[in-house]
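Peer 1: Pasting a structure below so you can have a look.
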Amino acid sequence: MSTFHRTAAFHTLGCKLNFAETSTIARQLTDAGYDKVSFDDKANVYVINTCSVTENADRECKMHVKRAMKANPEGLVVIVGCYAQLKPEEISQIEGVDLVLGAKEKFNILSYLDDLEKSESEGVVHSCEIEETDFFIGSYSIGDRTRAFLKVQDGCDYKCTYCTIPLARGISRSDTIENVLRNATEIAAKDIKEIVLTGVNIGDYGKGEFGNKRHEHTFLDLISELDKVEGIERIRISSIEPNLLKDESIELVSKSKSFVPHFHIPLQSGSDDLLKKMKRRYLTKLYNDRVNKIREVMPDAAIGVDVIVGFPGETEEVFMETYNFLNELPITYLHVFTYSERENTEAAAMEGVVPVAERKKRNKMLRILSEKKKMAFYQTQLGKSLPVLWEHENKDGKMFGFTENYVRVQKDFDPASVNKIEFLNLEKILSDGTVSVQSSYQNFLAKA
């Protein structure tokens, strides 16, 4: 490929970890002389980072390949990510795909691009056996000026019966503490106010720190050190398994200068029988204890929950166990996933298959419950003065931001507020589900 004014475009599907990794790949290309352009612009190279968790991974991948081909029929299309590791040959058959890189190869994209030409037939595949993926590449994203996603861990040693992530990302392994702190310091130097810690199983941090199972550090060590980094206003823990979220970590967050009172803790089911079938590493009692411990030391913390509906064996009675368990828990919101069968997983062969229409009905019930929980939580925050970090987007003259405990607020767009933290009074819940705010000065005038 000519070295003259090369351009590259990127699109990410899936989780925050994928966003962090796309940003790292993008930096590799820009450091090598590529200009980054929008995905709908004409580019020499289009990189699509895929996800295997969504039900429509195949359809989504094809749709974005078509988008790239529409923007530039001569552009090279490279597919990376979890779906690329699980189904490389299948993806290589998609019209327009030129290169498929597996989990081990995606960070060596530059070494494959120079000799790559637009394919007339199927794309070239470079994908190792997932067992060979035993190294760690540190990543962070700086997609907007407000927050960065910092990858600290990758892979998973758990064997949950519904999950393909260990097949797509390999064994649990971690970045070194030194490298995480270096990345955090780099982020701080860019005037980014918030870091979101990401990984596949971040509570397992420390394992594989040296490219093997040996490790010196724990998740508690990691957050203790990150709390000392100067220049970062907020650090948010993305998602952490309940069995790995220890009292000491909760206590540290409650006293921290930078960690915010917001936890996202996967539950998946409120039925102990189903948790055992899923091969989760805890039962509902432990989960209940974790939530109550957070509430004890941080009464205003936001607590998010992942839950799966329609897993094999989830009768109406079992589903209501989950519904009632969640209804009684003092949580803030739910992320609800409809179970879908995955190749090469134990659950795909299990009996007690739940009809798809029933899965969707249960999903809707939990989404309504989530909205009620969130509004009830927001209600408890009204009248309080809380720090809000404003984002850069101008949406119909409004701007949006989050409090430390994840209340989404809005006000009239003011460019001077972008990427700033302001202490504001939470006023009322608006029809779109966000909260209006009032500055302390306005509040003073209202009372005068």
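Labels used: A, B, ... for chains in the order of the structure tokens, numbers from 1 for residues in each chain, and numbers from 1 for ligands as shown.
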Running DSSP on the backbone, which parts of range 88-318 of chain A land in alpha helix (DSSP H), as a PyMOL selection string?
Peer 2: chain A and resi 88-92+109-113+165-169+177-189+219-226+247-255+272-278+284-297+316-318
Peer 1: Compile the contact shell of Asn72 in chain A as a PyMOL selection string: residues with an atom at most 12 Å away, counting only C-alpha atoms, same-chain residues fewer than 4 positions apart removed.
Peer 2: chain A and resi 7-9+39-46+65-68+76-77+96+118
Peer 1: With only C-alpha atoms as the atoms that count, which of A:Trp390, A:Tyr406, A:Phe319, A:Tyr333 lies nearest to Glu358 in chain A?
Peer 2: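 With only C-alpha atoms as the atom set, the closest residue is A:Phe319.
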Peer 1: Have a look at A:Glu351, A:Asp98, A:Glu233, A:Glu194 and name the one nearest to Met69 in chain A; count only C-alpha atoms.
Peer 2: A:Asp98
Peer 1: Residues within 8 Å of range 215-228 of chain A, please, as a PDB file with N, CA and C atoms, in the first residue's frame. Count only C-alpha atoms; anything in the same chain fewer than 2 positions from it doesn't count.
Peer 2:
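selection-v5.pdb was written with the following content:
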ATOM      1  N   ILE A 177       1.024  -3.968  37.623  1.00  0.00           N
ATOM      2  CA  ILE A 177       0.592  -2.747  38.308  1.00  0.00           C
ATOM      3  C   ILE A 177       1.353  -1.537  37.761  1.00  0.00           C
ATOM      4  N   LEU A 181      -0.488   1.772  36.211  1.00  0.00           N
ATOM      5  CA  LEU A 181      -0.262   3.106  36.779  1.00  0.00           C
ATOM      6  C   LEU A 181       0.319   4.063  35.742  1.00  0.00           C
ATOM      7  N   ALA A 184      -2.564   5.074  33.555  1.00  0.00           N
ATOM      8  CA  ALA A 184      -3.448   5.989  34.297  1.00  0.00           C
ATOM      9  C   ALA A 184      -2.832   7.386  34.350  1.00  0.00           C
ATOM     10  N   ILE A 202     -12.414  -8.491  36.141  1.00  0.00           N
ATOM     11  CA  ILE A 202     -11.392  -7.637  36.762  1.00  0.00           C
ATOM     12  C   ILE A 202     -11.136  -7.961  38.231  1.00  0.00           C
ATOM     13  N   GLY A 203     -12.102  -8.586  38.894  1.00  0.00           N
ATOM     14  CA  GLY A 203     -11.868  -8.984  40.283  1.00  0.00           C
ATOM     15  C   GLY A 203     -10.785 -10.039  40.401  1.00  0.00           C
ATOM     16  N   ASP A 204     -10.488 -10.712  39.278  1.00  0.00           N
ATOM     17  CA  ASP A 204      -9.445 -11.739  39.216  1.00  0.00           C
ATOM     18  C   ASP A 204      -8.083 -11.109  38.930  1.00  0.00           C
ATOM     19  N   TYR A 205      -8.032  -9.766  38.991  1.00  0.00           N
ATOM     20  CA  TYR A 205      -6.789  -9.054  38.675  1.00  0.00           C
ATOM     21  C   TYR A 205      -5.615  -9.619  39.478  1.00  0.00           C
ATOM     22  N   GLY A 206      -4.464  -9.676  38.811  1.00  0.00           N
ATOM     23  CA  GLY A 206      -3.242 -10.167  39.442  1.00  0.00           C
ATOM     24  C   GLY A 206      -2.837 -11.498  38.860  1.00  0.00           C
ATOM     25  N   LYS A 207      -3.833 -12.338  38.536  1.00  0.00           N
ATOM     26  CA  LYS A 207      -3.503 -13.645  37.959  1.00  0.00           C
ATOM     27  C   LYS A 207      -2.904 -13.437  36.562  1.00  0.00           C
ATOM     28  N   GLY A 208      -1.804 -14.123  36.290  1.00  0.00           N
ATOM     29  CA  GLY A 208      -1.182 -14.000  34.972  1.00  0.00           C
ATOM     30  C   GLY A 208      -0.440 -12.694  34.772  1.00  0.00           C
ATOM     31  N   GLU A 209      -0.059 -12.062  35.864  1.00  0.00           N
ATOM     32  CA  GLU A 209       0.654 -10.780  35.784  1.00  0.00           C
ATOM     33  C   GLU A 209       2.021 -10.938  35.102  1.00  0.00           C
ATOM     34  N   PHE A 210       2.576 -12.151  35.168  1.00  0.00           N
ATOM     35  CA  PHE A 210       3.916 -12.399  34.612  1.00  0.00           C
ATOM     36  C   PHE A 210       3.871 -13.371  33.444  1.00  0.00           C
ATOM     37  N   LYS A 213       0.674 -18.262  35.718  1.00  0.00           N
ATOM     38  CA  LYS A 213      -0.313 -18.140  36.802  1.00  0.00           C
ATOM     39  C   LYS A 213       0.254 -17.446  38.048  1.00  0.00           C
ATOM     40  N   GLU A 230      -2.150  10.957  40.904  1.00  0.00           N
ATOM     41  CA  GLU A 230      -2.546  12.369  40.910  1.00  0.00           C
ATOM     42  C   GLU A 230      -3.225  12.735  39.594  1.00  0.00           C
ATOM     43  N   GLU A 248     -12.923  -5.567  51.971  1.00  0.00           N
ATOM     44  CA  GLU A 248     -11.817  -4.603  52.009  1.00  0.00           C
ATOM     45  C   GLU A 248     -11.884  -3.644  50.808  1.00  0.00           C
ATOM     46  N   SER A 249     -12.272  -4.185  49.645  1.00  0.00           N
ATOM     47  CA  SER A 249     -12.384  -3.328  48.453  1.00  0.00           C
ATOM     48  C   SER A 249     -13.544  -2.349  48.605  1.00  0.00           C
ATOM     49  N   LEU A 252     -12.471   0.345  50.934  1.00  0.00           N
ATOM     50  CA  LEU A 252     -11.541   1.287  50.295  1.00  0.00           C
ATOM     51  C   LEU A 252     -12.299   2.296  49.435  1.00  0.00           C
ATOM     52  N   SER A 256     -12.301   6.371  49.616  1.00  0.00           N
ATOM     53  CA  SER A 256     -11.387   6.789  48.553  1.00  0.00           C
ATOM     54  C   SER A 256     -11.550   8.253  48.164  1.00  0.00           C
ATOM     55  N   LYS A 257     -10.446   8.827  47.665  1.00  0.00           N
ATOM     56  CA  LYS A 257     -10.527  10.199  47.150  1.00  0.00           C
ATOM     57  C   LYS A 257     -10.960  10.195  45.679  1.00  0.00           C
ATOM     58  N   SER A 258     -10.770   9.071  44.975  1.00  0.00           N
ATOM     59  CA  SER A 258     -11.096   9.082  43.540  1.00  0.00           C
ATOM     60  C   SER A 258     -12.094   7.990  43.111  1.00  0.00           C
ATOM     61  N   PHE A 259     -12.155   6.857  43.793  1.00  0.00           N
ATOM     62  CA  PHE A 259     -13.128   5.824  43.403  1.00  0.00           C
ATOM     63  C   PHE A 259     -14.539   6.281  43.759  1.00  0.00           C
TER      64      PHE A 259
END
Peer 1: So that I can check the surroundings of Tyr140 in chain A, please list as a PDB file with N, CA and C atoms, in the first residue's frame every protein, DNA and RNA residue that reaches within 10 Å of it, counting only C-alpha atoms and ignoring chain neighbours fewer than 6 positions away.
Peer 2:
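File written: out20.pdb
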ATOM      1  N   LYS A  16     -16.986  -2.299  26.917  1.00  0.00           N
ATOM      2  CA  LYS A  16     -16.002  -1.239  27.155  1.00  0.00           C
ATOM      3  C   LYS A  16     -14.579  -1.730  26.892  1.00  0.00           C
ATOM      4  N   LEU A  17     -14.342  -3.024  27.143  1.00  0.00           N
ATOM      5  CA  LEU A  17     -13.024  -3.603  26.894  1.00  0.00           C
ATOM      6  C   LEU A  17     -12.693  -3.508  25.407  1.00  0.00           C
ATOM      7  N   ASN A  18     -13.677  -3.790  24.550  1.00  0.00           N
ATOM      8  CA  ASN A  18     -13.463  -3.662  23.105  1.00  0.00           C
ATOM      9  C   ASN A  18     -13.132  -2.225  22.723  1.00  0.00           C
ATOM     10  N   PHE A  19     -13.812  -1.250  23.352  1.00  0.00           N
ATOM     11  CA  PHE A  19     -13.516   0.157  23.055  1.00  0.00           C
ATOM     12  C   PHE A  19     -12.077   0.500  23.412  1.00  0.00           C
ATOM     13  N   ALA A  20     -11.615  -0.022  24.555  1.00  0.00           N
ATOM     14  CA  ALA A  20     -10.232   0.225  24.967  1.00  0.00           C
ATOM     15  C   ALA A  20      -9.262  -0.361  23.943  1.00  0.00           C
ATOM     16  N   GLU A  21      -9.561  -1.572  23.480  1.00  0.00           N
ATOM     17  CA  GLU A  21      -8.652  -2.239  22.539  1.00  0.00           C
ATOM     18  C   GLU A  21      -8.683  -1.581  21.162  1.00  0.00           C
ATOM     19  N   THR A  22      -9.865  -1.154  20.704  1.00  0.00           N
ATOM     20  CA  THR A  22      -9.941  -0.438  19.424  1.00  0.00           C
ATOM     21  C   THR A  22      -9.083   0.818  19.481  1.00  0.00           C
ATOM     22  N   SER A  23      -9.144   1.536  20.595  1.00  0.00           N
ATOM     23  CA  SER A  23      -8.345   2.764  20.732  1.00  0.00           C
ATOM     24  C   SER A  23      -6.852   2.474  20.641  1.00  0.00           C
ATOM     25  N   THR A  24      -6.429   1.362  21.235  1.00  0.00           N
ATOM     26  CA  THR A  24      -5.010   1.000  21.188  1.00  0.00           C
ATOM     27  C   THR A  24      -4.587   0.663  19.759  1.00  0.00           C
ATOM     28  N   ALA A 148     -12.040   7.745  30.133  1.00  0.00           N
ATOM     29  CA  ALA A 148     -11.227   6.763  29.419  1.00  0.00           C
ATOM     30  C   ALA A 148     -11.513   5.387  29.993  1.00  0.00           C
ATOM     31  N   PHE A 149     -11.548   4.384  29.120  1.00  0.00           N
ATOM     32  CA  PHE A 149     -11.685   2.995  29.551  1.00  0.00           C
ATOM     33  C   PHE A 149     -10.289   2.388  29.628  1.00  0.00           C
ATOM     34  N   LEU A 150      -9.898   1.962  30.812  1.00  0.00           N
ATOM     35  CA  LEU A 150      -8.540   1.441  31.034  1.00  0.00           C
ATOM     36  C   LEU A 150      -8.608  -0.068  31.264  1.00  0.00           C
ATOM     37  N   LYS A 151      -7.994  -0.809  30.359  1.00  0.00           N
ATOM     38  CA  LYS A 151      -7.998  -2.279  30.447  1.00  0.00           C
ATOM     39  C   LYS A 151      -6.915  -2.735  31.417  1.00  0.00           C
ATOM     40  N   VAL A 152      -7.323  -3.521  32.427  1.00  0.00           N
ATOM     41  CA  VAL A 152      -6.361  -3.999  33.425  1.00  0.00           C
ATOM     42  C   VAL A 152      -6.237  -5.517  33.429  1.00  0.00           C
ATOM     43  N   VAL A 180      -0.255  -0.439  34.500  1.00  0.00           N
ATOM     44  CA  VAL A 180      -1.574   0.172  34.729  1.00  0.00           C
ATOM     45  C   VAL A 180      -1.398   1.594  35.244  1.00  0.00           C
ATOM     46  N   ASN A 183      -0.258   3.893  32.469  1.00  0.00           N
ATOM     47  CA  ASN A 183      -1.372   4.257  31.587  1.00  0.00           C
ATOM     48  C   ASN A 183      -2.300   5.270  32.263  1.00  0.00           C
ATOM     49  N   ALA A 184      -2.564   5.074  33.555  1.00  0.00           N
ATOM     50  CA  ALA A 184      -3.448   5.989  34.297  1.00  0.00           C
ATOM     51  C   ALA A 184      -2.832   7.386  34.350  1.00  0.00           C
ATOM     52  N   GLU A 186      -0.742   8.634  32.134  1.00  0.00           N
ATOM     53  CA  GLU A 186      -0.859   9.191  30.768  1.00  0.00           C
ATOM     54  C   GLU A 186      -2.252   9.764  30.546  1.00  0.00           C
ATOM     55  N   ILE A 187      -3.269   9.039  31.015  1.00  0.00           N
ATOM     56  CA  ILE A 187      -4.655   9.509  30.869  1.00  0.00           C
ATOM     57  C   ILE A 187      -4.842  10.818  31.645  1.00  0.00           C
ATOM     58  N   ILE A 195     -11.708   7.679  34.805  1.00  0.00           N
ATOM     59  CA  ILE A 195     -11.224   6.399  34.276  1.00  0.00           C
ATOM     60  C   ILE A 195     -12.240   5.321  34.653  1.00  0.00           C
ATOM     61  N   VAL A 196     -12.589   4.479  33.679  1.00  0.00           N
ATOM     62  CA  VAL A 196     -13.421   3.302  33.954  1.00  0.00           C
ATOM     63  C   VAL A 196     -12.522   2.075  33.820  1.00  0.00           C
ATOM     64  N   LEU A 197     -12.357   1.322  34.906  1.00  0.00           N
ATOM     65  CA  LEU A 197     -11.524   0.110  34.858  1.00  0.00           C
ATOM     66  C   LEU A 197     -12.281  -0.999  34.146  1.00  0.00           C
ATOM     67  N   THR A 198     -11.654  -1.617  33.152  1.00  0.00           N
ATOM     68  CA  THR A 198     -12.335  -2.671  32.399  1.00  0.00           C
ATOM     69  C   THR A 198     -11.467  -3.924  32.307  1.00  0.00           C
TER      70      THR A 198
END
Peer 1: Find the residue from A:Gln85, A:Ser417, A:Gln93, A:Ser238 that sits nearest to Lys106 in chain A; use only C-alpha atoms when measuring.
Peer 2: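 Answer, going by the shortest atom-to-atom distance: A:Gln85.
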Peer 1: Using DSSP on the backbone coordinates, identify all residues within range 193-252 of chain A classified as strand (DSSP E); present the result as an NGL selection string.
Peer 2: :A and (194-198 or 234-237)
Peer 1: Looking at A:Ile368, A:Leu430, A:Val229, A:Ile250, which one is nearest to Glu296 in chain A, with distances taken over only C-alpha atoms?
Peer 2: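 For Glu296 in chain A, the nearest of the given residues is A:Ile250.
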Peer 1: So which one's closest to Leu382 in chain A, A:Ala57, A:Glu321, A:Lys36, A:Val435? Using only C-alpha atoms, please.
Peer 2: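 Of A:Ala57, A:Glu321, A:Lys36, A:Val435, the one nearest Leu382 in chain A, counting only C-alpha atoms, is A:Val435.
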Peer 1: If we count only C-alpha atoms and set the cut-off at 12 Å, which residues sit around Asp114 in chain A, ignoring sequence neighbours fewer than 3 positions away in its own chain? Please answer as a PDB file with N, CA and C atoms, in the first residue's frame.
Peer 2:
ATOM      1  N   MET A   1       0.846  -1.193   0.000  1.00  0.00           N
ATOM      2  CA  MET A   1       0.000   0.000   0.000  1.00  0.00           C
ATOM      3  C   MET A   1       0.884   1.246   0.000  1.00  0.00           C
ATOM      4  N   SER A   2       0.488   2.246  -0.773  1.00  0.00           N
ATOM      5  CA  SER A   2       1.260   3.494  -0.820  1.00  0.00           C
ATOM      6  C   SER A   2       1.313   4.153   0.559  1.00  0.00           C
ATOM      7  N   THR A   3       2.413   4.798   0.842  1.00  0.00           N
ATOM      8  CA  THR A   3       2.549   5.470   2.146  1.00  0.00           C
ATOM      9  C   THR A   3       1.951   6.866   2.104  1.00  0.00           C
ATOM     10  N   ARG A   6      -2.332   7.848   4.122  1.00  0.00           N
ATOM     11  CA  ARG A   6      -3.168   6.683   4.403  1.00  0.00           C
ATOM     12  C   ARG A   6      -4.194   7.041   5.476  1.00  0.00           C
ATOM     13  N   LEU A  29      -1.986   2.547  14.476  1.00  0.00           N
ATOM     14  CA  LEU A  29      -2.060   2.972  13.075  1.00  0.00           C
ATOM     15  C   LEU A  29      -1.731   4.451  12.911  1.00  0.00           C
ATOM     16  N   ALA A  32       1.831   5.035  13.037  1.00  0.00           N
ATOM     17  CA  ALA A  32       2.515   4.576  11.816  1.00  0.00           C
ATOM     18  C   ALA A  32       2.202   5.466  10.617  1.00  0.00           C
ATOM     19  N   ASN A  44      -8.641   4.089   3.619  1.00  0.00           N
ATOM     20  CA  ASN A  44      -7.864   2.974   3.042  1.00  0.00           C
ATOM     21  C   ASN A  44      -8.126   1.677   3.796  1.00  0.00           C
ATOM     22  N   VAL A  45      -8.324   1.807   5.121  1.00  0.00           N
ATOM     23  CA  VAL A  45      -8.497   0.620   5.969  1.00  0.00           C
ATOM     24  C   VAL A  45      -9.691   0.843   6.902  1.00  0.00           C
ATOM     25  N   LEU A  76      -9.666  -1.594   2.432  1.00  0.00           N
ATOM     26  CA  LEU A  76      -9.386  -2.899   3.041  1.00  0.00           C
ATOM     27  C   LEU A  76     -10.205  -3.042   4.324  1.00  0.00           C
ATOM     28  N   LEU A  99      -9.275  -9.349   5.742  1.00  0.00           N
ATOM     29  CA  LEU A  99      -8.361  -9.889   6.748  1.00  0.00           C
ATOM     30  C   LEU A  99      -9.130 -10.137   8.046  1.00  0.00           C
ATOM     31  N   ASN A 108      -1.066  -7.017  16.249  1.00  0.00           N
ATOM     32  CA  ASN A 108       0.027  -6.973  15.262  1.00  0.00           C
ATOM     33  C   ASN A 108      -0.507  -6.572  13.894  1.00  0.00           C
ATOM     34  N   ILE A 109      -1.597  -5.821  13.897  1.00  0.00           N
ATOM     35  CA  ILE A 109      -2.290  -5.499  12.639  1.00  0.00           C
ATOM     36  C   ILE A 109      -1.359  -4.874  11.597  1.00  0.00           C
ATOM     37  N   LEU A 110      -0.420  -4.045  12.042  1.00  0.00           N
ATOM     38  CA  LEU A 110       0.455  -3.350  11.076  1.00  0.00           C
ATOM     39  C   LEU A 110       1.297  -4.315  10.254  1.00  0.00           C
ATOM     40  N   SER A 111       1.703  -5.404  10.886  1.00  0.00           N
ATOM     41  CA  SER A 111       2.572  -6.346  10.154  1.00  0.00           C
ATOM     42  C   SER A 111       1.802  -7.090   9.061  1.00  0.00           C
ATOM     43  N   GLU A 117      -3.855  -6.857  -0.017  1.00  0.00           N
ATOM     44  CA  GLU A 117      -4.533  -6.249  -1.161  1.00  0.00           C
ATOM     45  C   GLU A 117      -6.003  -6.600  -1.096  1.00  0.00           C
ATOM     46  N   LYS A 118      -6.822  -5.796  -1.800  1.00  0.00           N
ATOM     47  CA  LYS A 118      -8.265  -6.024  -1.784  1.00  0.00           C
ATOM     48  C   LYS A 118      -8.556  -7.414  -2.335  1.00  0.00           C
TER      49      LYS A 118
END
